[in-house]
Amino acid sequence: MENIQSTKNDFTFTLKSTSLDENYHPANQTRLTTNFANLARGKNRQQNLRNALNMINNRFNSLAYVDNPKSDRYHVELEIITVTMNITDKNLPMIEVLKTNIFDNKTDQYIEGIAGNNFSSYVRDYDFSVLLIEYNKNKSNFCVPEDFGDLHGKLYQSFINSTTYKEYFKKSPIICLSVSNNKTYTRTELQHPILGFEYIQSEYSLTDEYFSKMGLKVRFFMPPNAVAPMAFYHSGDLLTDYTDLGLISSISTMETFQKIYRPEIYNANSVAGKIYQPSLKHEDYSLTQVDYDREERSRLAIEQGKYAEEHFITPYKNLLEQWSANFAL
């Protein structure tokens, strides 16, 4: 896919697509904390990717079982969408997301998937791994600045409403994340045929508040044959705006990543009950056949937050503050 550019509120966005397959190698500008980049390094990189992609396809076909007797009708292809923003003639890395594409082996046709999924952002790394830590130094109680997430939210909405996004994506993103391990979730009676049982969270998390500034709401669902609910951040109506196969592509992709990265929750050997408290200290779980370094990812989040501070936040502070103050959709 060729780079696509557009301008919204004086910023130009450039979008680049890279296939995520077993031959994927992270580019130099790739955010190294991105989950799929972590899998694509080291001596087991190709087998890691192959195993993860097989897990995604198997899960997709198990959920898309209608007229699919051998569970082999569909194949999910993944694109890494890298977004850079041009500011005073410099292209700065902004966000990366995954886009799902579904190939139907029966009809030999592609079916539109969903963007969002494995959302990652340099400014978000800065906010959580640099700004919050500095802000809470020498404070007895944890707190957040009043404007925490404002800039990130406006940058995200600027991109989502740009012609760059609208030329390439037909629907708004779904960002699917793990549930919070310090909140309690209660199962409701609502059962969606694809998303499964809905859960309600005991209280909003800091991530929920942060994503709300991106114009996103959150609902929690535990898909059929899953063991824990996932958080689905979305705008619009999660239950009616997307096709069943589109939702299945997000579930199968993100549930696979969560099984790899948070097996204590998503590859547990017991299913979440009506009242559920996630825990990363849970010991009754199984490991996937995919290697992953969770400690490395936490360390890199700080490094890349500092990168955003050095190359984006600090040098363009006045410009960004002025832009943010005048921003309007």
# chains A, B, ... in the order shown; residues from 1 in each chain; ligands from 1

call {"tool": "residues_around", "arguments": {"residues": "Val290 (chain A)", "least_positions_apart": "5", "cutoff": "8 Å", "atoms": "only C-alpha atoms", "output": "PyMOL selection string"}}
result
chain A and resi 39+47-49+51-52+260

call {"tool": "residues_around", "arguments": {"residues": "Leu320 (chain A)", "least_positions_apart": "5", "cutoff": "12 Å", "atoms": "only C-alpha atoms", "output": "count of residues only"}}
result
17

call {"tool": "residues_around", "arguments": {"residues": "Val227 (chain A)", "least_positions_apart": "6", "cutoff": "8 Å", "atoms": "only C-alpha atoms", "output": "ChimeraX atom specification"}}
result
/A:265-272

call {"tool": "write_last_selection", "arguments": {"atoms": "C-alpha atoms", "output": "mmCIF file, in the first residue's frame"}}
result
data_model
loop_
_atom_site.group_PDB
_atom_site.id
_atom_site.type_symbol
_atom_site.label_atom_id
_atom_site.label_comp_id
_atom_site.auth_asym_id
_atom_site.auth_seq_id
_atom_site.Cartn_x
_atom_site.Cartn_y
_atom_site.Cartn_z
ATOM 1 C CA ILE A 265 -5.731 -14.049 33.082
ATOM 2 C CA TYR A 266 -6.446 -15.173 29.512
ATOM 3 C CA ASN A 267 -4.946 -18.661 29.487
ATOM 4 C CA ALA A 268 -6.150 -19.585 32.961
ATOM 5 C CA ASN A 269 -7.362 -23.131 33.512
ATOM 6 C CA SER A 270 -10.632 -21.940 35.068
ATOM 7 C CA VAL A 271 -13.325 -19.665 33.652
ATOM 8 C CA ALA A 272 -14.185 -16.282 35.174
#

call {"tool": "select_by_dssp", "arguments": {"residues": "region 168-328 of chain A", "states": "strand (DSSP E or B)", "output": "PyMOL selection string"}}
result
chain A and resi 174-178+185-192+196-201+217-222+230-234+268+275-276+285

call {"tool": "closest_atom_pairs", "arguments": {"of": "region 121-201 of chain A", "to": "region 212-220 of chain A", "cutoff": "8 Å", "atoms": "only C-alpha atoms", "output": "CSV"}}
result
residue,atom,partner,partner_atom,distance
A:Gly149,CA,A:Lys213,CA,6.5
A:Asp150,CA,A:Lys213,CA,6.2
A:His152,CA,A:Met214,CA,7.3
A:Gly153,CA,A:Met214,CA,3.9
A:Lys154,CA,A:Met214,CA,6.6
A:Tyr156,CA,A:Met214,CA,6.1
A:Gln157,CA,A:Met214,CA,6.0
A:Val179,CA,A:Phe220,CA,7.9
A:Glu198,CA,A:Phe220,CA,5.6
A:Tyr199,CA,A:Phe220,CA,5.2
A:Ile200,CA,A:Phe220,CA,6.5
A:Gln201,CA,A:Phe220,CA,7.7

call {"tool": "closest_residue", "arguments": {"among": "A:Tyr233, A:Tyr204, A:Phe221, A:Tyr292", "to": "Ile175 (chain A)", "atoms": "only C-alpha atoms"}}
result
A:Tyr233

call {"tool": "residues_around", "arguments": {"residues": "Leu131 (chain A)", "least_positions_apart": "4", "cutoff": "12 Å", "atoms": "only C-alpha atoms", "output": "compact mmCIF listing (two decimals) with N, CA and C atoms, in the first residue's frame"}}
result
# COMPACT_ATOMS: atom_id res chain seq x y z
N VAL A 123 3.10 8.98 22.53
CA VAL A 123 2.67 9.98 23.52
C VAL A 123 2.04 9.30 24.72
N ARG A 124 1.33 8.21 24.49
CA ARG A 124 0.78 7.45 25.61
C ARG A 124 1.90 6.89 26.48
N ASP A 125 2.97 6.39 25.86
CA ASP A 125 4.13 5.93 26.64
C ASP A 125 4.69 7.07 27.48
N TYR A 126 4.78 8.24 26.89
CA TYR A 126 5.28 9.40 27.63
C TYR A 126 4.36 9.73 28.81
N ASP A 127 3.06 9.77 28.55
CA ASP A 127 2.12 10.13 29.61
C ASP A 127 2.19 9.17 30.80
N TYR A 135 5.33 13.42 37.93
CA TYR A 135 4.28 14.19 38.62
C TYR A 135 4.06 13.70 40.05
N ASN A 136 4.27 12.39 40.26
CA ASN A 136 3.98 11.81 41.57
C ASN A 136 5.22 11.67 42.47
N LYS A 137 6.35 12.18 42.02
CA LYS A 137 7.54 12.15 42.87
C LYS A 137 7.29 12.94 44.16
N CYS A 143 -1.76 10.69 42.19
CA CYS A 143 -2.75 11.56 41.56
C CYS A 143 -2.30 11.85 40.13
N VAL A 144 -3.21 12.40 39.34
CA VAL A 144 -2.91 12.70 37.93
C VAL A 144 -3.19 14.17 37.66
N PRO A 145 -2.44 14.77 36.73
CA PRO A 145 -2.71 16.16 36.36
C PRO A 145 -4.12 16.30 35.77
N ASP A 147 -5.12 17.90 33.24
CA ASP A 147 -5.16 17.82 31.78
C ASP A 147 -4.52 16.53 31.25
N PHE A 148 -4.40 15.54 32.11
CA PHE A 148 -3.74 14.29 31.71
C PHE A 148 -4.49 13.63 30.55
N GLY A 149 -3.79 13.41 29.45
CA GLY A 149 -4.39 12.75 28.29
C GLY A 149 -5.04 13.68 27.30
N ILE A 302 9.34 2.83 29.05
CA ILE A 302 9.96 4.02 29.64
C ILE A 302 10.91 4.65 28.63
N GLY A 305 8.90 6.38 26.00
CA GLY A 305 8.29 7.57 26.56
C GLY A 305 9.27 8.72 26.60
N LYS A 306 10.52 8.41 26.96
CA LYS A 306 11.57 9.43 26.99
C LYS A 306 11.92 9.89 25.58
N ALA A 308 9.74 10.12 23.14
CA ALA A 308 8.67 11.05 22.78
C ALA A 308 8.89 12.40 23.45
N GLU A 309 9.34 12.38 24.70
CA GLU A 309 9.62 13.63 25.41
C GLU A 309 10.71 14.42 24.70
N ILE A 313 7.55 16.14 22.64
CA ILE A 313 6.91 16.95 23.68
C ILE A 313 7.71 18.22 23.98
N THR A 314 9.00 18.06 24.25
CA THR A 314 9.82 19.21 24.65
C THR A 314 10.07 20.20 23.52

call {"tool": "atom_distance", "arguments": {"atom1": "CA of Ser205 (chain A)", "atom2": "CA of Gly273 (chain A)"}}
result
20.8 Å

call {"tool": "closest_residue", "arguments": {"among": "A:Asp89, A:Asp244, A:Glu134, A:Glu167", "to": "Ile111 (chain A)", "atoms": "only C-alpha atoms"}}
result
A:Asp244

call {"tool": "residues_around", "arguments": {"residues": "Lys106 (chain A)", "least_positions_apart": "3", "cutoff": "9 Å", "atoms": "only C-alpha atoms", "output": "list in words"}}
result
Arg73, Tyr74, Phe103 and Gln109 of chain A

call {"tool": "closest_residue", "arguments": {"among": "A:Leu280, A:Met222, A:Cys176, A:Leu15", "to": "Leu92 (chain A)", "atoms": "only C-alpha atoms"}}
result
A:Leu15

call {"tool": "closest_residue", "arguments": {"among": "A:Thr163, A:Gln277, A:Thr100, A:Thr12", "to": "Ile248 (chain A)", "atoms": "only C-alpha atoms"}}
result
A:Thr100

call {"tool": "atom_distance", "arguments": {"atom1": "CA of Pro224 (chain A)", "atom2": "CA of Gly196 (chain A)"}}
result
5.4 Å

call {"tool": "closest_residue", "arguments": {"among": "A:Leu300, A:Leu329, A:Met254, A:Leu247", "to": "Leu63 (chain A)", "atoms": "only C-alpha atoms"}}
result
A:Leu247
